[in-house]
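S.K.: Let me begin by handing over the structure; questions about it come next.
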Amino acid sequence: MKENNAEKTITLGMGCYWSPEALFGAVPGVIRTRVGFAGGTTDEPSYRSMGDHTETVELQFDPALVSYDELLELFWNNHNPYNINGYKDSQYQSLLLYRDNEQAEAFRRIKSRMEDGKSILDTELSPFRTFYPAESRHQKYYLKRFPDAVEKLMSLYPSEEELERSTLAARLNGVAKGFLNLERLQNEMKGWPLGENERKEMLSLIRQIRW
Ligand code: MHO
């Protein structure tokens with residue numbers, strides 16, 4: 001999908017980052033996803049040595065198509081924010097990193113709304129500093145279980161970087177994990193701002209994938 005100025009970015013920690021990337025990748029209005037390490041202070045973290053960072057998913061989305069409320073409801077409805085016995089400590093911290101006042105306020109407002117009459121959500125809210133992308137084998141992890149899908153996508157997105165930035169790859173990662181079906185995706189794609197040839201090429205690619 002085209003870049004646009006209204007695009008927003010948020011960074012969320014909700015346990016192992018593989019599933020959240022597929023969950024949000026399936027959502028109309030989410031433009032791209034990637035996973036990485038954030039929230040800590042360790043320099044140049046990696047999966048094997050992430051120091052005090054947290055596994056996070058970074059989303060770019062179009063606020064005209066999906067709201068903070070919708071995204072954060074998905075966030076709290078799809079993980080347990082209470083860390084039982086310190087399991088994996090900061091690696092699996094329930095975490096929301098805000099980039100500006102608008103985000104800090106939205107996160108706090110939606111958190112109190114979700115807590116209303118129930119228990120306090122044990123999610124840390126902190127200012128965003130740096131996002132360190134994870135190794136490519138962790139990006140679109142579930143999609144990569146389907147080599148034929150990746151091979152076909154590589155004809156449209158020849159480099160790993162293009163594949164990681166692709167909205168189509170984000171959606172198909174959601175399909176691979178079972179968060180979205182192809183029919184819904186094909187319907188949504190009718191509204192994507194693409195040229196007719198590009199749209200046809202993408203739709204035909206989807207039909208040819210052997211899952
Ligand atoms: N392999 C781990 C999770 C990996 S996730 C990137 C497990 O299934 O426990 O943290």
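Every chain in the structure tokens takes a letter, A first, then B, and so on in the order presented; its residues are numbered from 1, and the ligands are numbered from 1 following the presented order.
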If the limit is 9 Å from any atom of ligand 1, counting only C-alpha atoms and all ligand atoms, which residues qualify? Return them as a CSV table (one decimal) with N, CA, C and O atoms, in the first residue's frame.

M.R.:
```csv
chain,number,residue,atom,x,y,z
A,15,GLY,N,4.3,-10.7,24.9
A,15,GLY,CA,4.8,-12.1,24.9
A,15,GLY,C,5.6,-12.4,23.6
A,15,GLY,O,5.9,-11.4,22.9
A,16,CYS,N,5.7,-13.7,23.3
A,16,CYS,CA,6.5,-14.0,22.1
A,16,CYS,C,5.9,-13.2,20.9
A,16,CYS,O,4.7,-13.3,20.7
A,17,TYR,N,6.7,-12.6,20.2
A,17,TYR,CA,6.2,-11.6,19.2
A,17,TYR,C,5.7,-12.3,17.9
A,17,TYR,O,5.1,-11.6,17.0
A,18,TRP,N,5.9,-13.6,17.7
A,18,TRP,CA,5.4,-14.2,16.5
A,18,TRP,C,3.9,-14.1,16.2
A,18,TRP,O,3.5,-13.7,15.1
A,19,SER,N,3.2,-14.4,17.3
A,19,SER,CA,1.7,-14.4,17.1
A,19,SER,C,1.1,-13.0,16.9
A,19,SER,O,0.3,-12.7,16.1
A,47,TYR,N,18.1,-11.8,19.2
A,47,TYR,CA,17.2,-12.7,19.9
A,47,TYR,C,17.9,-13.5,21.0
A,47,TYR,O,17.4,-13.6,22.1
A,55,GLU,N,10.4,-8.4,23.6
A,55,GLU,CA,9.9,-8.7,22.3
A,55,GLU,C,8.7,-7.9,22.0
A,55,GLU,O,7.7,-7.9,22.7
A,91,GLN,N,11.7,-9.9,28.8
A,91,GLN,CA,11.5,-10.4,27.4
A,91,GLN,C,10.0,-10.5,27.0
A,91,GLN,O,9.6,-10.2,25.9
A,92,TYR,N,9.2,-10.9,28.0
A,92,TYR,CA,7.8,-11.1,27.7
A,92,TYR,C,6.9,-10.1,28.5
A,92,TYR,O,5.7,-10.3,28.7
A,138,HIS,N,12.8,-14.3,12.2
A,138,HIS,CA,11.7,-14.0,13.1
A,138,HIS,C,10.6,-13.1,12.5
A,138,HIS,O,9.5,-13.0,13.0
A,141,TYR,N,7.0,-14.7,10.8
A,141,TYR,CA,7.4,-16.1,11.2
A,141,TYR,C,6.5,-17.2,10.7
A,141,TYR,O,6.9,-18.2,10.1
```

S.K.: What separation in Å, quoted to one decimal, exists between atom CA of Phe128 of chain A and atom CA of Phe179 of chain A?

M.R.: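 Taking atom CA of Phe128 of chain A as the start and atom CA of Phe179 of chain A as the end point, the length is 27.8 Å.
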
S.K.: Within 10 Å of segment 195-210 of chain A, counting only C-alpha atoms, which residues qualify if same-chain residues fewer than 3 places away don't, as a ChimeraX atom specification?

M.R.: /A:146-153,155-156,168,172,182,185-186,189-192

S.K.: Include N, CA, C and O atoms and write out the residues we just selected as a PDB file, in the first residue's frame.

M.R.:
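Written output follows (part_38.pdb):
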```
ATOM      1  N   PHE A 146       5.598 -21.510   5.181  1.00  0.00           N
ATOM      2  CA  PHE A 146       5.026 -21.887   3.877  1.00  0.00           C
ATOM      3  C   PHE A 146       5.947 -21.409   2.763  1.00  0.00           C
ATOM      4  O   PHE A 146       5.749 -20.316   2.203  1.00  0.00           O
ATOM      5  N   PRO A 147       6.967 -22.235   2.429  1.00  0.00           N
ATOM      6  CA  PRO A 147       7.988 -21.814   1.465  1.00  0.00           C
ATOM      7  C   PRO A 147       7.404 -21.413   0.110  1.00  0.00           C
ATOM      8  O   PRO A 147       7.930 -20.500  -0.533  1.00  0.00           O
ATOM      9  N   ASP A 148       6.312 -22.054  -0.312  1.00  0.00           N
ATOM     10  CA  ASP A 148       5.758 -21.700  -1.616  1.00  0.00           C
ATOM     11  C   ASP A 148       5.175 -20.278  -1.593  1.00  0.00           C
ATOM     12  O   ASP A 148       5.308 -19.532  -2.564  1.00  0.00           O
ATOM     13  N   ALA A 149       4.556 -19.900  -0.471  1.00  0.00           N
ATOM     14  CA  ALA A 149       4.019 -18.540  -0.339  1.00  0.00           C
ATOM     15  C   ALA A 149       5.162 -17.527  -0.386  1.00  0.00           C
ATOM     16  O   ALA A 149       5.078 -16.515  -1.087  1.00  0.00           O
ATOM     17  N   VAL A 150       6.234 -17.817   0.334  1.00  0.00           N
ATOM     18  CA  VAL A 150       7.372 -16.882   0.366  1.00  0.00           C
ATOM     19  C   VAL A 150       7.985 -16.775  -1.028  1.00  0.00           C
ATOM     20  O   VAL A 150       8.259 -15.669  -1.514  1.00  0.00           O
ATOM     21  N   GLU A 151       8.157 -17.916  -1.697  1.00  0.00           N
ATOM     22  CA  GLU A 151       8.768 -17.900  -3.028  1.00  0.00           C
ATOM     23  C   GLU A 151       7.934 -17.055  -3.999  1.00  0.00           C
ATOM     24  O   GLU A 151       8.462 -16.231  -4.741  1.00  0.00           O
ATOM     25  N   LYS A 152       6.610 -17.226  -3.948  1.00  0.00           N
ATOM     26  CA  LYS A 152       5.755 -16.457  -4.863  1.00  0.00           C
ATOM     27  C   LYS A 152       5.793 -14.969  -4.513  1.00  0.00           C
ATOM     28  O   LYS A 152       5.865 -14.113  -5.395  1.00  0.00           O
ATOM     29  N   LEU A 153       5.770 -14.647  -3.211  1.00  0.00           N
ATOM     30  CA  LEU A 153       5.844 -13.235  -2.810  1.00  0.00           C
ATOM     31  C   LEU A 153       7.155 -12.590  -3.253  1.00  0.00           C
ATOM     32  O   LEU A 153       7.197 -11.408  -3.576  1.00  0.00           O
ATOM     33  N   SER A 155       8.563 -12.841  -5.923  1.00  0.00           N
ATOM     34  CA  SER A 155       8.510 -12.319  -7.293  1.00  0.00           C
ATOM     35  C   SER A 155       8.016 -10.864  -7.299  1.00  0.00           C
ATOM     36  O   SER A 155       8.369 -10.088  -8.177  1.00  0.00           O
ATOM     37  N   LEU A 156       7.221 -10.496  -6.315  1.00  0.00           N
ATOM     38  CA  LEU A 156       6.772  -9.095  -6.201  1.00  0.00           C
ATOM     39  C   LEU A 156       7.670  -8.272  -5.285  1.00  0.00           C
ATOM     40  O   LEU A 156       7.818  -7.067  -5.449  1.00  0.00           O
ATOM     41  N   LEU A 168       0.755  -6.940   1.826  1.00  0.00           N
ATOM     42  CA  LEU A 168       0.268  -8.258   1.411  1.00  0.00           C
ATOM     43  C   LEU A 168       0.936  -9.362   2.245  1.00  0.00           C
ATOM     44  O   LEU A 168       0.267 -10.291   2.719  1.00  0.00           O
ATOM     45  N   LEU A 172      -0.841 -12.091   4.625  1.00  0.00           N
ATOM     46  CA  LEU A 172      -0.664 -13.530   4.409  1.00  0.00           C
ATOM     47  C   LEU A 172      -0.037 -14.197   5.633  1.00  0.00           C
ATOM     48  O   LEU A 172      -0.272 -15.379   5.895  1.00  0.00           O
ATOM     49  N   LEU A 182      -8.655 -16.187   3.042  1.00  0.00           N
ATOM     50  CA  LEU A 182      -8.309 -15.566   1.761  1.00  0.00           C
ATOM     51  C   LEU A 182      -9.475 -14.787   1.177  1.00  0.00           C
ATOM     52  O   LEU A 182      -9.278 -13.759   0.540  1.00  0.00           O
ATOM     53  N   LEU A 185      -9.561 -11.407   2.692  1.00  0.00           N
ATOM     54  CA  LEU A 185      -8.427 -10.635   2.194  1.00  0.00           C
ATOM     55  C   LEU A 185      -8.695 -10.144   0.769  1.00  0.00           C
ATOM     56  O   LEU A 185      -8.470  -8.968   0.452  1.00  0.00           O
ATOM     57  N   GLN A 186      -9.198 -11.039  -0.081  1.00  0.00           N
ATOM     58  CA  GLN A 186      -9.468 -10.645  -1.468  1.00  0.00           C
ATOM     59  C   GLN A 186     -10.502  -9.525  -1.531  1.00  0.00           C
ATOM     60  O   GLN A 186     -10.363  -8.587  -2.315  1.00  0.00           O
ATOM     61  N   MET A 189      -8.875  -6.275  -0.501  1.00  0.00           N
ATOM     62  CA  MET A 189      -7.934  -5.770  -1.514  1.00  0.00           C
ATOM     63  C   MET A 189      -8.618  -4.972  -2.625  1.00  0.00           C
ATOM     64  O   MET A 189      -7.970  -4.169  -3.287  1.00  0.00           O
ATOM     65  N   LYS A 190      -9.936  -5.180  -2.776  1.00  0.00           N
ATOM     66  CA  LYS A 190     -10.666  -4.374  -3.773  1.00  0.00           C
ATOM     67  C   LYS A 190     -10.567  -2.891  -3.444  1.00  0.00           C
ATOM     68  O   LYS A 190     -10.635  -2.046  -4.324  1.00  0.00           O
ATOM     69  N   GLY A 191     -10.405  -2.559  -2.151  1.00  0.00           N
ATOM     70  CA  GLY A 191     -10.331  -1.162  -1.734  1.00  0.00           C
ATOM     71  C   GLY A 191      -8.909  -0.621  -1.607  1.00  0.00           C
ATOM     72  O   GLY A 191      -8.730   0.526  -1.211  1.00  0.00           O
ATOM     73  N   TRP A 192      -7.894  -1.435  -1.867  1.00  0.00           N
ATOM     74  CA  TRP A 192      -6.521  -0.942  -1.743  1.00  0.00           C
ATOM     75  C   TRP A 192      -6.209   0.026  -2.877  1.00  0.00           C
ATOM     76  O   TRP A 192      -6.647  -0.180  -4.024  1.00  0.00           O
TER      77      TRP A 192
END
```

S.K.: Check the DSSP output for the backbone and give back, as a ChimeraX atom specification, the residues of chain A in alpha helix (DSSP H).

M.R.: /A:18-25,68-77,101-115,147-156,160-165,167-177,182-189,196-208

S.K.: Considering only C-alpha atoms, return as a list in words whatever protein or nucleic-acid residues lie within 9 Å of Gly51 of chain A, sequence-local ones (same chain, fewer than 3 positions apart) excluded.

M.R.: Gly40, Thr41, Thr42, Asp43, Pro45, Ser46, Arg48, Thr54, Ser90 and Gln91 of chain A

S.K.: Go ahead and save the residues from that selection, with all heavy atoms, as a tab-separated table (two decimals), in the first residue's frame.

M.R.:
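Generated output (out_38.tsv):
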```tsv
chain	number	residue	atom	x	y	z
A	40	GLY	N	14.18	-1.44	26.38
A	40	GLY	CA	15.30	-1.58	27.31
A	40	GLY	C	16.44	-0.63	26.98
A	40	GLY	O	16.25	0.36	26.25
A	41	THR	N	17.61	-0.94	27.51
A	41	THR	CA	18.76	-0.04	27.35
A	41	THR	C	19.94	-0.73	26.66
A	41	THR	O	20.90	-0.07	26.27
A	41	THR	CB	19.26	0.44	28.72
A	41	THR	OG1	19.58	-0.71	29.51
A	41	THR	CG2	18.20	1.26	29.44
A	42	THR	N	19.89	-2.07	26.53
A	42	THR	CA	21.01	-2.82	25.96
A	42	THR	C	21.26	-2.42	24.50
A	42	THR	O	20.31	-2.36	23.72
A	42	THR	CB	20.70	-4.34	26.02
A	42	THR	OG1	20.35	-4.66	27.36
A	42	THR	CG2	21.88	-5.18	25.57
A	43	ASP	N	22.53	-2.18	24.16
A	43	ASP	CA	22.88	-1.81	22.78
A	43	ASP	C	22.86	-3.03	21.88
A	43	ASP	O	23.30	-4.11	22.28
A	43	ASP	CB	24.29	-1.22	22.74
A	43	ASP	CG	24.24	0.29	22.95
A	43	ASP	OD1	23.15	0.87	22.75
A	43	ASP	OD2	25.28	0.86	23.33
A	45	PRO	N	20.72	-5.28	20.60
A	45	PRO	CA	20.19	-6.56	21.06
A	45	PRO	C	19.95	-7.52	19.89
A	45	PRO	O	19.77	-7.08	18.75
A	45	PRO	CB	18.85	-6.17	21.70
A	45	PRO	CG	18.47	-4.90	21.03
A	45	PRO	CD	19.75	-4.19	20.72
A	46	SER	N	19.94	-8.80	20.21
A	46	SER	CA	19.57	-9.83	19.22
A	46	SER	C	18.68	-10.82	19.96
A	46	SER	O	18.53	-10.73	21.19
A	46	SER	CB	20.82	-10.54	18.70
A	46	SER	OG	21.43	-11.20	19.79
A	48	ARG	N	19.11	-13.94	20.74
A	48	ARG	CA	19.84	-14.72	21.73
A	48	ARG	C	20.38	-13.86	22.85
A	48	ARG	O	20.78	-14.37	23.89
A	48	ARG	CB	20.99	-15.49	21.08
A	48	ARG	CG	20.53	-16.57	20.13
A	48	ARG	CD	20.24	-17.90	20.84
A	48	ARG	NE	19.39	-18.74	20.00
A	48	ARG	CZ	18.19	-19.20	20.38
A	48	ARG	NH1	17.70	-18.95	21.58
A	48	ARG	NH2	17.48	-19.96	19.57
A	54	THR	N	12.36	-6.00	25.42
A	54	THR	CA	11.15	-6.81	25.34
A	54	THR	C	10.91	-7.18	23.89
A	54	THR	O	11.21	-6.38	22.99
A	54	THR	CB	9.96	-5.98	25.90
A	54	THR	OG1	10.22	-5.73	27.28
A	54	THR	CG2	8.63	-6.70	25.75
A	90	SER	N	11.67	-9.33	31.47
A	90	SER	CA	11.39	-8.25	30.53
A	90	SER	C	11.17	-8.75	29.11
A	90	SER	O	10.50	-8.09	28.33
A	90	SER	CB	12.51	-7.20	30.58
A	90	SER	OG	13.74	-7.82	30.35
A	91	GLN	N	11.70	-9.92	28.76
A	91	GLN	CA	11.51	-10.43	27.40
A	91	GLN	C	10.02	-10.50	27.03
A	91	GLN	O	9.65	-10.20	25.90
A	91	GLN	CB	12.14	-11.83	27.25
A	91	GLN	CG	11.94	-12.41	25.86
A	91	GLN	CD	12.62	-13.76	25.65
A	91	GLN	OE1	13.38	-14.23	26.51
A	91	GLN	NE2	12.36	-14.39	24.52
```

S.K.: Quick one, how far is atom CA of Glu183 of chain A from atom CA of Val27 of chain A?

M.R.: 13.9 Å

S.K.: Find the distance between atom CA of Thr9 of chain A and atom CA of Leu59 of chain A and write it in Å to one decimal.

M.R.: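 Value for the atom CA of Thr9 of chain A-atom CA of Leu59 of chain A distance: 5.5 Å.
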
S.K.: Select, from A:Thr56, A:Asn173, A:Asn78, A:Asn83, the residue with the minimum atom-to-atom distance to Ala38 of chain A, counting only C-alpha atoms.

M.R.: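 Result for the nearest residue to Ala38 of chain A: A:Thr56.
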
S.K.: Which of these, A:Ser94, A:Asn80, A:Thr11, A:Ser166, has the shortest distance to Gln139 of chain A once you count only C-alpha atoms?

M.R.: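 Among the listed residues, the smallest separation from Gln139 of chain A belongs to A:Ser166.
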
S.K.: Give me every strand (DSSP E) residue in segment 11-158 of chain A, going by DSSP on the backbone, as a PyMOL selection string.

M.R.: chain A and resi 11-14+30-38+54-61+94-98+124-127+131-133

S.K.: Show which residues sit within 10 Å of Asn101 of chain A, as a PyMOL selection string. Count only C-alpha atoms, and ignore same-chain residues fewer than 5 positions away.

M.R.: chain A and resi 106-107+127

S.K.: Taking only C-alpha atoms into account, which of A:Leu121, A:Ala169, A:Ala26, A:Ala6 comes nearest Asn181 of chain A?

M.R.: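 Using only C-alpha atoms, Asn181 of chain A sits closest to A:Ala26.
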
S.K.: Rank A:Lys8, A:Arg129, A:Leu74, A:Tyr87 by their smallest atom-to-atom distance to Glu21 of chain A, using only C-alpha atoms, and report the top residue only.

M.R.: A:Leu74

S.K.: Nearest to Val35 of chain A among A:Glu162, A:Glu7, A:Glu135, A:Asp52, with distances taken over only C-alpha atoms: which residue is it?

M.R.: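 Distance minimum relative to Val35 of chain A lands on A:Glu135.
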
S.K.: Choose the residue, out of A:Val30, A:Val57, A:Leu180, A:Met50, that has the smallest atom-to-atom separation from Leu95 of chain A; count only C-alpha atoms.

M.R.: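 Smallest distance to Leu95 of chain A is found for A:Val57.
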